[in-house]
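Notes to accompany the following structure.
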Number of protein chains: 2
Amino acid sequence: MTRIDDVARLAGVSTATVSRALRGLPTVSADTRRRVLAAAEQLQYAVSPSASRLAGGRTGSVAVVVPRITRWFFGVVVEAVEEFLNEAGYDLLLHNLGGRERNRQRVLGTTALHKRVDAIMLVATPLHDAEVSALATLGLPGITISSGTAVPSWPCVRIDDVAAARTATRHLLDLGHRRIAHISGDPDDELAFTAHLDRRRGYQAELRAAGLRPDPGLDVESGFDIDGGTRATEELLRRGDPPTAIFAACDEMAMGALTALRDAGLRVPQDVSVIGIDNHALSGVLGLSTIAQPAAEQGRLAAKMLLDPLAGGNGGTGSQHSAPVILPTRLVVRHSTAPVRAH
Amino acid sequence: MTRIDDVARLAGVSTATVSRALRGLPTVSADTRRRVLAAAEQLQYAVSPSASRLAGGRTGSVAVVVPRITRWFFGVVVEAVEEFLNEAGYDLLLHNLGGRERNRQRVLGTTALHKRVDAIMLVATPLHDAEVSALATLGLPGITISSGTAVPSWPCVRIDDVAAARTATRHLLDLGHRRIAHISGDPDDELAFTAHLDRRRGYQAELRAAGLRPDPGLDVESGFDIDGGTRATEELLRRGDPPTAIFAACDEMAMGALTALRDAGLRVPQDVSVIGIDNHALSGVLGLSTIAQPAAEQGRLAAKMLLDPLAGGNGGTGSQHSAPVILPTRLVVRHSTAPVRAH
DNA sequence: CTGAAAGCGCTTACAG
DNA sequence: CTGAAAGCGCTTACAG
């Protein structure tokens, strides 16, 4: 492996000058820079990240923490973030909590983060108080996407979950539905995404605005995924007197609902309307009506907000961005929602 | 930030002993180890990865390269690999090629890998000759999953794509279909996953085994995703005299086919049967028949095969595993395939 | 089983 | 604009 002094020797300069030239620092003459670049090129030199990090105090890495990379929203966010980080020359350290408590402790207890990254991005990861203070102790810049828990001084990018849920509920009300069920994530799940709490709030608010009283019998909690949607819907059907419409807290739950309804012999949308939130890549295939949210844009924007201060010279200090940045959502009507049938 | 000498001072030993005790080396007395661990705990000490890497020559990181993390197979593989690596104490450096040529060059030209990782995992990433030799020059252990291009001395985990395709085609033949179309990935796409070449080969072989001649008019190439499946199917229908069955090279393409058929007013499976390969998380929801492949198992097994030699002391040398490890697939019949209708 | 010392390969004041 | 030298925080022979 060629080292910096090999390049220095070939270019006829000191290692300090090589270091400066390669990093594009302004205090190098054009001619010297040219010679250094040529020498580095000729020797196929690549800087040793470990040495550079140790000497320079920057790791060039960003930790990205997601609950489950296999779910639509997180996959899309990570893809967008990865693109942005790579363009900016940062490595992406992926942490997929995956419901494993041990993993959660390693990451959020910061053992896995300590001295390893320059910044942290938390996607839909609610935190205990102890975790918030452990993260704060690291003293690193960070950002959250779609977070229930705010980390002091970290900005947040998200959608307005209450508004999205209200729009979905309103769409069903506009179609004449009155028995509108809601299925959402399990609040007892330690690793639960908290957006569903806001979504339930929006659902209830919109019902009340229409003069209806939310019926606890039509509100079921389960896992925030396909299987959870299936189980929640089965539970709903077991209770008798099924709803004419179901608002699922995310598209994957809505897809599970579709399965359960089909298996129960109910037709969508003739017997039951279904709507979700996300605009999952497969929602079109399934004809699922939904509230579309811009997942890639949230990832890109959050990555940019995280990195811009790092480049700016100050180490990401400052209590900028106190209010969350809210990205817009929009109703997408497909074939899973229709006017309620006359009884 | 506390450093190793803070711990050494508190424990009353040298930094060398702290280093050994913390890494669990056997040459430390039980009593000393206890004192060191207590001191480290008390001071909340975490080793500096940069310093450790520079001094020790190990990075504790593994690069994982995938074409697109948002596709089902890659998401599931990465999730399984991440779990395994984290348990083993390795960081996962994610590289999502995402169809960006610049990114491909950075990663596979090894600029992004050089001196950064202890090992490399390539998932479904075919390589140019120059890339193979650039990777070989790094001298790192590596492994491929589902790779078309073999890297000399790197083992490979995969399914038997030819056999999977034959099974899918046979299922359609058994149902009486004779006009069986195939839709698969675009070979002109530089970043294309090459498994589809084997899948086409299996499709053709099975047709021939049944005494049929593969009809080029029933064989369409497109993107290896939902949208590609839609476009390929539209093209197929434009050609007139539609097939009675479609074998898609992956479930996401099959899902695209489902959309195109529905939009064309054709019913599945009454008018056209559809089968894919994968057993995507949503295949059940869509009632899609498929050849299930064990994605998480491939990831786990590959991670294990990659890391075991690293732990074993030798640096992953040796030309073990010359033959690819093949994991089994199985036919899953749902509702998208049915006997051909009498004409 | 333990320690003193060299060294890993860079970057950064400091001086000129 | 450039260089000599210290230092980043560990690990690893080497010696005992």
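Labels used: A, B, ... for chains in the order of the structure tokens, numbers from 1 for residues in each chain, and numbers from 1 for ligands as shown.
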Using only C-alpha atoms (C1' of nucleotides), find the residues of chain B whose closest atom to chain C is at most 12 Å away, then write them as a PyMOL selection string. chain B and resi 8+12-21+25-33+50-58+115
Generate the output file for the selected residues, C-alpha atoms, as an mmCIF file, in the first residue's frame.
data_model
loop_
_atom_site.group_PDB
_atom_site.id
_atom_site.type_symbol
_atom_site.label_atom_id
_atom_site.label_comp_id
_atom_site.auth_asym_id
_atom_site.auth_seq_id
_atom_site.Cartn_x
_atom_site.Cartn_y
_atom_site.Cartn_z
ATOM 1 C CA ALA B 8 -4.769 2.351 32.723
ATOM 2 C CA GLY B 12 -3.104 0.695 37.972
ATOM 3 C CA VAL B 13 -1.791 -1.130 34.894
ATOM 4 C CA SER B 14 -0.194 -0.239 31.569
ATOM 5 C CA THR B 15 -2.135 0.690 28.466
ATOM 6 C CA ALA B 16 -0.969 -2.534 26.863
ATOM 7 C CA THR B 17 -2.711 -4.502 29.570
ATOM 8 C CA VAL B 18 -5.868 -2.433 29.222
ATOM 9 C CA SER B 19 -5.848 -3.100 25.509
ATOM 10 C CA ARG B 20 -5.456 -6.823 26.064
ATOM 11 C CA ALA B 21 -8.022 -7.067 28.825
ATOM 12 C CA LEU B 25 -7.038 -11.757 25.040
ATOM 13 C CA PRO B 26 -6.193 -14.813 27.104
ATOM 14 C CA THR B 27 -2.904 -13.504 28.468
ATOM 15 C CA VAL B 28 -4.437 -11.449 31.246
ATOM 16 C CA SER B 29 -5.021 -12.634 34.792
ATOM 17 C CA ALA B 30 -8.592 -12.826 35.941
ATOM 18 C CA ASP B 31 -7.986 -10.312 38.664
ATOM 19 C CA THR B 32 -6.348 -7.760 36.389
ATOM 20 C CA ARG B 33 -9.080 -8.161 33.840
ATOM 21 C CA SER B 50 -9.599 5.125 14.246
ATOM 22 C CA ALA B 51 -6.692 4.634 16.599
ATOM 23 C CA SER B 52 -7.395 0.962 16.986
ATOM 24 C CA ARG B 53 -7.633 0.481 13.253
ATOM 25 C CA LEU B 54 -4.470 2.393 12.552
ATOM 26 C CA ALA B 55 -2.477 0.547 15.147
ATOM 27 C CA GLY B 56 -4.021 -2.840 14.647
ATOM 28 C CA GLY B 57 -4.486 -2.886 10.927
ATOM 29 C CA ARG B 58 -8.063 -4.095 11.140
ATOM 30 C CA LYS B 115 -8.173 0.762 3.384
#
Show me, as a compact mmCIF listing (two decimals) with all heavy atoms, in the first residue's frame, the residues that have an atom within 8 Å of Arg3 of chain B when counting only C-alpha atoms (C1' of nucleotides), minus same-chain residues fewer than 2 positions from it.
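File part19.txt, as written:
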# COMPACT_ATOMS: atom_id res chain seq x y z
N MET B 1 -13.40 13.22 26.22
CA MET B 1 -13.40 11.79 25.89
C MET B 1 -12.30 11.07 26.67
O MET B 1 -11.13 11.49 26.63
CB MET B 1 -13.11 11.59 24.39
CG MET B 1 -14.21 12.09 23.47
SD MET B 1 -15.64 11.01 23.34
CE MET B 1 -16.86 11.97 24.25
N ASP B 5 -5.28 5.59 28.44
CA ASP B 5 -4.38 5.79 29.57
C ASP B 5 -5.12 6.26 30.82
O ASP B 5 -4.65 6.08 31.94
CB ASP B 5 -3.21 6.72 29.20
CG ASP B 5 -3.66 7.89 28.37
OD1 ASP B 5 -4.33 7.65 27.35
OD2 ASP B 5 -3.38 9.03 28.75
N ASP B 6 -6.31 6.84 30.63
CA ASP B 6 -7.13 7.16 31.81
C ASP B 6 -7.53 5.86 32.50
O ASP B 6 -7.49 5.75 33.73
CB ASP B 6 -8.40 7.90 31.38
CG ASP B 6 -8.08 9.25 30.73
OD1 ASP B 6 -7.15 9.92 31.21
OD2 ASP B 6 -8.74 9.60 29.74
N VAL B 7 -7.91 4.91 31.69
CA VAL B 7 -8.32 3.62 32.24
C VAL B 7 -7.12 2.93 32.89
O VAL B 7 -7.21 2.37 34.00
CB VAL B 7 -8.91 2.71 31.14
CG1 VAL B 7 -9.31 1.36 31.72
CG2 VAL B 7 -10.10 3.38 30.47
N TYR B 45 -15.49 4.25 29.23
CA TYR B 45 -14.51 4.25 28.16
C TYR B 45 -14.98 3.46 26.94
O TYR B 45 -15.54 2.38 27.06
CB TYR B 45 -13.19 3.65 28.66
CG TYR B 45 -12.18 3.44 27.56
CD1 TYR B 45 -11.55 4.52 26.97
CD2 TYR B 45 -11.89 2.16 27.09
CE1 TYR B 45 -10.64 4.34 25.96
CE2 TYR B 45 -10.98 1.97 26.08
CZ TYR B 45 -10.36 3.06 25.50
OH TYR B 45 -9.46 2.88 24.49
N ALA B 46 -14.78 4.04 25.78
CA ALA B 46 -15.00 3.31 24.52
C ALA B 46 -13.76 3.51 23.68
O ALA B 46 -13.25 4.62 23.56
CB ALA B 46 -16.23 3.84 23.79
N VAL B 47 -13.27 2.44 23.10
CA VAL B 47 -12.06 2.51 22.31
C VAL B 47 -12.28 3.42 21.10
O VAL B 47 -13.40 3.51 20.58
CB VAL B 47 -11.64 1.10 21.86
CG1 VAL B 47 -12.61 0.53 20.85
CG2 VAL B 47 -10.23 1.10 21.31
P DG D 9 -6.46 11.70 21.56
OP1 DG D 9 -7.84 12.17 21.86
OP2 DG D 9 -5.33 12.11 22.41
O5' DG D 9 -6.47 10.12 21.52
C5' DG D 9 -7.36 9.47 20.63
C4' DG D 9 -6.97 8.02 20.55
O4' DG D 9 -5.69 7.89 19.90
C3' DG D 9 -6.83 7.32 21.89
O3' DG D 9 -7.44 6.05 21.78
C2' DG D 9 -5.32 7.18 22.06
C1' DG D 9 -4.91 6.96 20.61
N9 DG D 9 -3.52 7.24 20.32
C8 DG D 9 -2.67 8.11 20.94
N7 DG D 9 -1.47 8.13 20.43
C5 DG D 9 -1.52 7.21 19.39
C6 DG D 9 -0.52 6.79 18.48
O6 DG D 9 0.65 7.18 18.40
N1 DG D 9 -0.99 5.84 17.59
C2 DG D 9 -2.27 5.34 17.59
N2 DG D 9 -2.53 4.43 16.65
N3 DG D 9 -3.22 5.71 18.43
C4 DG D 9 -2.78 6.65 19.31
Hey, list the chain A side of the contact with chain B: 7 Å cut-off, only C-alpha atoms, answer as a VMD selection string. chain A and resid 46 48 to 51 53 to 54 69 to 70 75 to 76 79 82 91 to 94 96 114 to 116 255 to 256 259 285
Compile the contact shell of Pro155 of chain B as a VMD selection string: residues with an atom at most 12 Å away, counting only C-alpha atoms (C1' of nucleotides), same-chain residues fewer than 2 positions apart removed. chain B and resid 120 to 122 141 to 147 149 to 153 157 to 158 301 to 306 309 316 to 326
Please extract the residues of segment 76-310 of chain B with a backbone DSSP assignment of alpha helix (DSSP H) and present them as a ChimeraX atom specification. /B:76-87,101-108,129-138,161-174,195-209,226-238,251-263,283-286,295-310
So how many Å separate atom CA of Gly217 of chain B and atom CA of Thr233 of chain B, to one decimal? 12.0 Å
Quick check for you: according to DSSP on this backbone, which residues of segment 135-257 of chain A are classed as strand (DSSP E)? Reply as a list of chain:residue names.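 Filtering segment 135-257 of chain A to strand (DSSP E) leaves A:Gly142, A:Ile143, A:Thr144, A:Ile145, A:Cys156, A:Val157, A:Arg158, A:Ile159, A:Ile180, A:Ala181, A:His182, A:Ile183, A:Ser184, A:Gly185, A:Asp219, A:Val220, A:Glu221, A:Ser222, A:Ala245, A:Ile246, A:Phe247, A:Ala248.
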Any idea what's packed within 8 Å of Gly228 of chain A, counting only C-alpha atoms (C1' of nucleotides), ignoring anything in its chain fewer than 5 positions away? Could you give it as a list in words?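 Once the nearby chain positions are removed, what remains is Gly185, Ser222, Gly223, Met253 and Gly256 of chain A.
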Selected residues written out with all heavy atoms, as a PDB file, in the first residue's frame:
ATOM      1  N   GLY A 185     -50.392   0.851  14.654  1.00  0.00           N
ATOM      2  CA  GLY A 185     -49.301   0.161  15.332  1.00  0.00           C
ATOM      3  C   GLY A 185     -49.539  -0.062  16.811  1.00  0.00           C
ATOM      4  O   GLY A 185     -50.367   0.590  17.445  1.00  0.00           O
ATOM      5  N   SER A 222     -52.058  -3.219  16.253  1.00  0.00           N
ATOM      6  CA  SER A 222     -51.333  -4.427  15.889  1.00  0.00           C
ATOM      7  C   SER A 222     -49.943  -4.040  15.400  1.00  0.00           C
ATOM      8  O   SER A 222     -49.517  -2.909  15.564  1.00  0.00           O
ATOM      9  CB  SER A 222     -52.125  -5.164  14.813  1.00  0.00           C
ATOM     10  OG  SER A 222     -51.532  -6.404  14.541  1.00  0.00           O
ATOM     11  N   GLY A 223     -49.233  -4.989  14.785  1.00  0.00           N
ATOM     12  CA  GLY A 223     -47.910  -4.649  14.250  1.00  0.00           C
ATOM     13  C   GLY A 223     -48.018  -3.689  13.070  1.00  0.00           C
ATOM     14  O   GLY A 223     -48.997  -3.727  12.332  1.00  0.00           O
ATOM     15  N   MET A 253     -49.943  -1.976   6.325  1.00  0.00           N
ATOM     16  CA  MET A 253     -51.087  -2.479   7.101  1.00  0.00           C
ATOM     17  C   MET A 253     -52.331  -2.571   6.214  1.00  0.00           C
ATOM     18  O   MET A 253     -53.128  -3.515   6.332  1.00  0.00           O
ATOM     19  CB  MET A 253     -51.361  -1.571   8.300  1.00  0.00           C
ATOM     20  CG  MET A 253     -50.254  -1.587   9.342  1.00  0.00           C
ATOM     21  SD  MET A 253     -50.788  -0.864  10.932  1.00  0.00           S
ATOM     22  CE  MET A 253     -51.699  -2.245  11.623  1.00  0.00           C
ATOM     23  N   GLY A 256     -52.259  -5.688   4.311  1.00  0.00           N
ATOM     24  CA  GLY A 256     -52.653  -6.811   5.155  1.00  0.00           C
ATOM     25  C   GLY A 256     -54.169  -6.857   5.309  1.00  0.00           C
ATOM     26  O   GLY A 256     -54.778  -7.934   5.304  1.00  0.00           O
TER      27      GLY A 256
END
